[in-house]
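Structure first, commentary second.
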4 protein chains.
Amino acid sequence: MAARKRKERLAEEKVFKDPVHKYIYVQDHLIWDLINTREFQRLRRIRQLGTSYLTFHGAEHSRFSHSLGVYEITRKIISQFERGGYADWPTEEKLVALCAALLHDIGHGPFSHSIEEIFDTNHEEWTCRLLLEETEINAVLRAYDPSYPERIAAVICKTYHEPIVISLVSSQMDADRMDYLLRDAYFTGVNYGTFDLERILRVLRPYQGRIVVKESGMHAVEDYLMSRYQMYWQVYFHPVTRSSEIILRQIFRRAKELYAAGFTFNWMIDPLKHLIKGTIDLEGYLALDEALVQTAFSQWVKEQDEVLADLCRRFLNRKLYKYVTMDYGDEGLWQDIRKHFRAIGLNPDYHLEIDFPYDMPYDVYRPDAAQAAGKEEKPPILLLGPDDQLSEISERSDIIRSITGIHQGKYHLYYPEEPLRESVSKLPANLREIFALM
Amino acid sequence: MAARKRKERLAEEKVFKDPVHKYIYVQDHLIWDLINTREFQRLRRIRQLGTSYLTFHGAEHSRFSHSLGVYEITRKIISQFERGGYADWPTEEKLVALCAALLHDIGHGPFSHSIEEIFDTNHEEWTCRLLLEETEINAVLRAYDPSYPERIAAVICKTYHEPIVISLVSSQMDADRMDYLLRDAYFTGVNYGTFDLERILRVLRPYQGRIVVKESGMHAVEDYLMSRYQMYWQVYFHPVTRSSEIILRQIFRRAKELYAAGFTFNWMIDPLKHLIKGTIDLEGYLALDEALVQTAFSQWVKEQDEVLADLCRRFLNRKLYKYVTMDYGDEGLWQDIRKHFRAIGLNPDYHLEIDFPYDMPYDVYRPDAAQAAGKEEKPPILLLGPDDQLSEISERSDIIRSITGIHQGKYHLYYPEEPLRESVSKLPANLREIFALM
Amino acid sequence: MAARKRKERLAEEKVFKDPVHKYIYVQDHLIWDLINTREFQRLRRIRQLGTSYLTFHGAEHSRFSHSLGVYEITRKIISQFERGGYADWPTEEKLVALCAALLHDIGHGPFSHSIEEIFDTNHEEWTCRLLLEETEINAVLRAYDPSYPERIAAVICKTYHEPIVISLVSSQMDADRMDYLLRDAYFTGVNYGTFDLERILRVLRPYQGRIVVKESGMHAVEDYLMSRYQMYWQVYFHPVTRSSEIILRQIFRRAKELYAAGFTFNWMIDPLKHLIKGTIDLEGYLALDEALVQTAFSQWVKEQDEVLADLCRRFLNRKLYKYVTMDYGDEGLWQDIRKHFRAIGLNPDYHLEIDFPYDMPYDVYRPDAAQAAGKEEKPPILLLGPDDQLSEISERSDIIRSITGIHQGKYHLYYPEEPLRESVSKLPANLREIFALM
Amino acid sequence: MAARKRKERLAEEKVFKDPVHKYIYVQDHLIWDLINTREFQRLRRIRQLGTSYLTFHGAEHSRFSHSLGVYEITRKIISQFERGGYADWPTEEKLVALCAALLHDIGHGPFSHSIEEIFDTNHEEWTCRLLLEETEINAVLRAYDPSYPERIAAVICKTYHEPIVISLVSSQMDADRMDYLLRDAYFTGVNYGTFDLERILRVLRPYQGRIVVKESGMHAVEDYLMSRYQMYWQVYFHPVTRSSEIILRQIFRRAKELYAAGFTFNWMIDPLKHLIKGTIDLEGYLALDEALVQTAFSQWVKEQDEVLADLCRRFLNRKLYKYVTMDYGDEGLWQDIRKHFRAIGLNPDYHLEIDFPYDMPYDVYRPDAAQAAGKEEKPPILLLGPDDQLSEISERSDIIRSITGIHQGKYHLYYPEEPLRESVSKLPANLREIFALM
């Protein structure tokens, strides 16, 4: 009977006050109960933008608020589809789509990209486990409908039988991207990331298993992609953020190496130990949050290993690496720099890093290519013409073509400035010039 | 010579992107260096609004961003005073005022109000120690001018010889309040907290050691105080936030009692142990941040003591206490409730709390009275008339008089709902009615 | 068959881009057709705020955009009522309510308040004639349903059988006021006139023939009334706007007097002549718009009558009267001023005017009193408590009580400054002081 | 002595409330006096966007508010140059630049582009005459400095000896464009026209007689040009606005032809008569405003000439021409259409117009080419690199290159729909298809 009651709508709709969407409206018991699970509440302790708060001090917003935002945009899209009465929208999929929108990020850990790279974990895998194994989320979904855990997982893994539901949550114009662009713009304070959401929503149409755009909406899409372009260069690829990510990754790498080498940590905590050892289980993963990671760093500043202690200090006190712009490819120079770094007591494996912003989890818009580094393809944006013919948008828009696959990034060489400055007399002239130490 | 160089202005002004003020402008080496100290960077790890993020998910902004905002508003006020060429503004105090604005909150710890109440610490005292003892902040200030640490501390402790500098940082219309109202409104997303900052700045005047308001600015002040009134009732006194603060305070109280009773914690960390023992030193205090407190809670959910474990679980998973509204004063009823709580296995010292929002660190506006609970008086808002006569604003404005000392709050009784619901059959009818368990 | 087709909804909803509501959504043929009538299009040529653009240069918005805004807010309120499924909302009245909202202002002429005062016309009467006589609006309404012209007129005249429909369009919290507060704030640029519309909409309920407010919405209403209070004092009662209205009224008065005295105008235009003679018919009234009035003024600057020419010049070139603040009631002083004005060649009937802002078409909020000057009463704002009891809001809110019936205005004496300044030597000392001519 | 006093700064700065810039600050007597001239006040009666209010109902803002905005942006740019102490900014030119910014549009008449095309007048010429002949503006400028009228005129005619002053008021990133983009976006309500003005201002530098952009500001300029691109396609080239301009132009053309043919107008007014005859003088030109034009139209609906009356009715009641999209160049088809129009009693000279949006007073950004149709070239946007080398921005930015000289517009054929629909049976099949009359 409880399950039955749960199927009903809430007697009075509930709202969350949200700075981006004004209000987030919850009308279903199921959504309300999912939000109140401990696994979903945990997203409050994981920042949406990782280390970007070290560059943009307002960017302290969590994946919790982003997840609510993705839910809300999805709710609005579906509600527009329902008002329009479009035959191509499978109305019975509404709640599955809303759950998938809400839960698509639950597998994220703290500073996901760095941790996934160093410890070889994968947040989509964790998302599936959180949906399918013994969790509060799984219990809530099952109580509503025993098939729901699998169905939601299928949407997120892009194997669901209704591709349009996948499209809502994962495509070049999905609710995920729309929310994060608006939200990241709001919290960083950059106003070049805003676009007219209401206008975009008005031109979306369900069509043969995809979400497409009415042809008259082409300029609206150009506007949306331009805000994406601006956000990537101004926020996501910001060199200071890159520097903090480098430090973070090196801390994890150093801890892993030290552990492998039998180093005894003065301070350790179980979930982190299991992460390093590769033996972390679901309960341990749930305990991993940014508070725990930061607490570890604040303890590790007192560890014997000076490389680790220094990196942690840099991260906490925001003494990040500086960078210089470089041409890539001069292997001789590169070895020369490493040699001189070693000569003045630095460890080039930790005190030097070449970074190319292009190789990142983001792209502005690439309609066709299977993405580099094994990343999956996102369906392109299609325009729906008056005679129901579809065309890929970059064929139609010069502007979109111009930002498609832009290789604007430069190579940056990151390094700690202070030791270089102290040993300036020991460096040859060409290195002094490269590092602007004249 | 380094010191001398530091006296100069920055070659090119630096900016921080800020969502509230658009940009924060730094023009002095001294301010730049203070921002880069580790004690100031630590404010990134302390939320401006404590537990309010559990009510308003956007409210994750830090004291770091607020401190920059107070600095920026102070900079704007002074710049307006300088443009106007007012004789009553002591131009040589500019940098002292800017430092005090920037640093006024550096003594805050995590969830300050709760911690100060339970562990009897005081953030203003810590602020003075951070200014005067061996810290990076102290070193930066001393390098600029050996008298600066004491001067800044005097401003913050309200003993400085130029009262107008104190006024800027601490009065009924100081830069502190102006920033937090705008910032808290922005990050919670409530738009009733905004007022027209530019208009307020235009009507402020330095006058005989105080900041006063041109008479024609009365409506601007009404607008500002009304937004304060709205923020207090909608945000600061929100019953869900109060509930989370109650849980937080009880966690600390329980930990303190357990420690005093010789309980062995499975998990403890030094700064917290010293806080509980009352032996915390400056270094330990600096290590206390919200990450550390949350990490402790996430470990304590596994402690033997079920009261502590339950409270921590409630805090982390946002299973807060519910509340009912009550008339105060019925001592018999109160004892009756406590008795029945005990009868169903609850501990009324932890599972019941009466709360009256009025008894809080905030007030909307009280021009005259020395404040309750030993809180110091803030100078009232004075209007400067055409003939240079001053009048206190609530004498002139019906609206301000109507919100002065309003006692609108109700008593709320907070309690965990689930155990009551489970034992409903054991409760008498009047309690069932009070707790809406029919 | 055409009529039948008109009953259907539009195949695709149409939108107007609106700066205040983002978009205005039109879903019914009837609404679309009404907007396209020439009588409704005429509202484009009448400013919403009359002469306020002479004080706030942005305030050039028309009654056309306001009327669309009132329609849109009404649409949103009704749509919320429908979603909530409240029994007290008569769903079959939707379209009548939308038409009344859209058309409530069609009877307004240019600078209505001044024209109505001088020429004794009444915009509500014209509204009814436009609905009931031979107009495009009447034809469109009749084609939809022969009873519609009368029904819409009844709503606007407050005699409709469903009082809740009247409430939507005319009460202390009607769609009319909500739109003009937001719109006037937007176009003047004052940001103290904004309130959270979405929050207000969420707490409105249909209840026994009225629109009431859920008790928990009290602070939202306070916020709304405070923005009204601010707008009245900052915008609607602005002394410069008052000055321009005085000039305008005097132009009309002078023209009327001259006409009565047989003066021959070099330039005249029919609709204006009939307005002055009191013989204007519907067609003539429709031809009256602000363009026509301004054209007349720009021609009258060349008339022989110097009083008329001077007033027109002042209006067009914004050489308005200055004002001084006065205590009222000193009849002797008042006669003395008039005498001296005459002595220096001024005409006190035109060159002097006492103004008291309270005597105006606006009030902030008065729940009870039948309004002064024969203005009708607007239903007060009622709170709906948990047990369905109603209470008038100013009984519950100190703040609202404090702004209820505030008499904050001062008497202002308006006059042309230049001639006084030129004849300063002929004025006695007390007048020099009053007019600040020292 | 009066002149001397006028040289001083205002005792207290004055402000105008402005929705776009919040406040507009006036600090100089000269600026204040210029604003109060009747020629400047006249700009209140001329809309900034001509007929666009028929498409975007909010777009009723005047050239008066735009002119204040251009002044304010210029003031901000100069103030930033002064703070930075750049040697390349000639500080003594400040007031000349401010006057030129304020006055650059005073020569505009109502619906300038249409009137200039039909009656062969030129607003820049009128601007010069207003500066140099006997006007209040001329008197105010001369009283300040006898050389000022000529100097301001030289800036506006681009012959001034300090090219950087010309740059401020007329270049690809001048204060004029910055204000109108922001202002038109604000009043139309489209939010894709906003860009970050504060960010743009921060990267502008005076450099060798031009205003250039710091290289790090390239993305800021991209953002600005993209908003220009969006505004052009969404607002300035909107087909409904084009339709209303066509009607307007045809009214003027018809009146001119009728006048030449000796037609007797029932209603005429001097300034208009002289405009048509080509004998308009300065006083007459100043009397021409939109009120006068609209009044003429509202009288002409009663003229005998049905073409004129119909066009005026269409304009006033917004019964605009419809349009269809066409390929250009099929001269046979074009003649065929004209023939069939004549056959059903239409006049193809008035009832048909081909329009190509590209041939317009706007372009998104063309760095090099002398513009079509004799329009003068605007200096391109230059980036200033770290080594003081300059580069034209479209060489550096793919995006800007992609919008440079875009030929995205289509040919539109405008025509009245109703007569075609009524004579549909007389039209051949291909025309029925073209005009969608199936």
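Convention: chains lettered A, B, ... in structure tokens order; per-chain residue numbering from 1; ligands numbered from 1 as shown.
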For Lys322 in chain A, list every protein, DNA or RNA residue within 9 Å, evaluated using only C-alpha atoms, and leave out those in the same chain fewer than 4 positions away; present the list as a compact mmCIF listing (two decimals) with N, CA and C atoms, in the first residue's frame.
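After the write, selection.txt holds the following:
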# COMPACT_ATOMS: atom_id res chain seq x y z
N VAL A 240 44.76 29.06 -14.69
CA VAL A 240 44.91 28.92 -13.23
C VAL A 240 44.18 27.68 -12.74
N SER A 243 46.28 24.78 -13.57
CA SER A 243 47.39 24.65 -12.64
C SER A 243 46.96 23.93 -11.37
N LEU A 413 53.64 25.24 -20.04
CA LEU A 413 54.57 24.50 -19.18
C LEU A 413 54.37 25.02 -17.77
N TYR A 414 53.97 24.14 -16.88
CA TYR A 414 53.69 24.54 -15.49
C TYR A 414 54.87 24.16 -14.59
N TYR A 415 55.15 25.00 -13.59
CA TYR A 415 56.32 24.77 -12.73
C TYR A 415 56.20 25.67 -11.50
N PRO A 416 56.90 25.33 -10.41
CA PRO A 416 56.91 26.18 -9.21
C PRO A 416 57.89 27.32 -9.43
N GLU A 417 57.46 28.53 -9.19
CA GLU A 417 58.30 29.67 -9.53
C GLU A 417 59.42 29.92 -8.51
Extract, using only C-alpha atoms, all DNA, RNA and protein residues at most 9 Å from Arg202 in chain B, discarding same-chain residues fewer than 6 positions from it, and format them as a ChimeraX atom specification.
-> /B:77,80,214,217
Within 10 Å of chain A, which residues of chain C are there when counting only C-alpha atoms? Please give them as JSON, numbers by chain.
-> {"C": [11, 12, 13, 17, 22, 23, 84, 196, 198, 199]}
Shell around Arg47 in chain C at 6 Å using only C-alpha atoms, local window under 4 positions removed, as a PyMOL selection string = chain C and resi 61-63
Store the residues of this selection in a file with C-alpha atoms, as an mmCIF file, in the first residue's frame.
data_model
loop_
_atom_site.group_PDB
_atom_site.id
_atom_site.type_symbol
_atom_site.label_atom_id
_atom_site.label_comp_id
_atom_site.auth_asym_id
_atom_site.auth_seq_id
_atom_site.Cartn_x
_atom_site.Cartn_y
_atom_site.Cartn_z
ATOM 1 C CA HIS C 61 6.608 52.447 -22.719
ATOM 2 C CA SER C 62 3.054 52.329 -24.001
ATOM 3 C CA ARG C 63 -0.278 51.137 -22.690
#
Taken to one decimal, the CA of Pro239 in chain B-CA of Ala429 in chain B distance is 25.7 Å
Selection: 12 Å around Gly345 in chain D, only C-alpha atoms, excl. self and same-chain fewer than 6 positions, as JSON, numbers by chain | {"D": [307, 338, 339, 351, 419, 420, 422, 423, 426]}
Contact table range 293-317 of chain A vs range 266-276 of chain B, cut-off 12 Å, shortest pair per residue, only C-alpha atoms, as CSV:
residue,atom,partner,partner_atom,distance
A:Thr295,CA,B:Ile269,CA,9.9
A:Ala296,CA,B:Ile269,CA,11.0
A:Ser298,CA,B:Pro271,CA,11.2
A:Gln299,CA,B:Ile269,CA,9.5
Pick out the residues sitting within 10 Å of Ser216 in chain A, and hand them over as an MDAnalysis selection string; count only C-alpha atoms, and ignore anything fewer than 5 positions along from it in its own chain.
-> chainID A and resid 203 221 383:386
Take the residues from that selection and write them out as a tab-separated table (two decimals), in the first residue's frame, keeping N, CA and C atoms.
chain	number	residue	atom	x	y	z
A	203	VAL	N	12.05	26.00	-29.31
A	203	VAL	CA	12.32	25.49	-30.66
A	203	VAL	C	12.71	24.00	-30.68
A	221	VAL	N	20.40	28.49	-31.49
A	221	VAL	CA	21.44	27.48	-31.26
A	221	VAL	C	22.83	28.12	-31.40
A	383	LEU	N	18.73	20.37	-37.47
A	383	LEU	CA	17.65	21.31	-37.74
A	383	LEU	C	16.54	20.60	-38.50
A	384	LEU	N	15.30	20.90	-38.10
A	384	LEU	CA	14.15	20.31	-38.77
A	384	LEU	C	13.52	21.35	-39.67
A	385	GLY	N	13.61	21.15	-40.98
A	385	GLY	CA	13.10	22.12	-41.94
A	385	GLY	C	11.60	22.01	-42.13
A	386	PRO	N	11.03	22.95	-42.87
A	386	PRO	CA	9.58	22.94	-43.08
A	386	PRO	C	9.06	21.66	-43.74
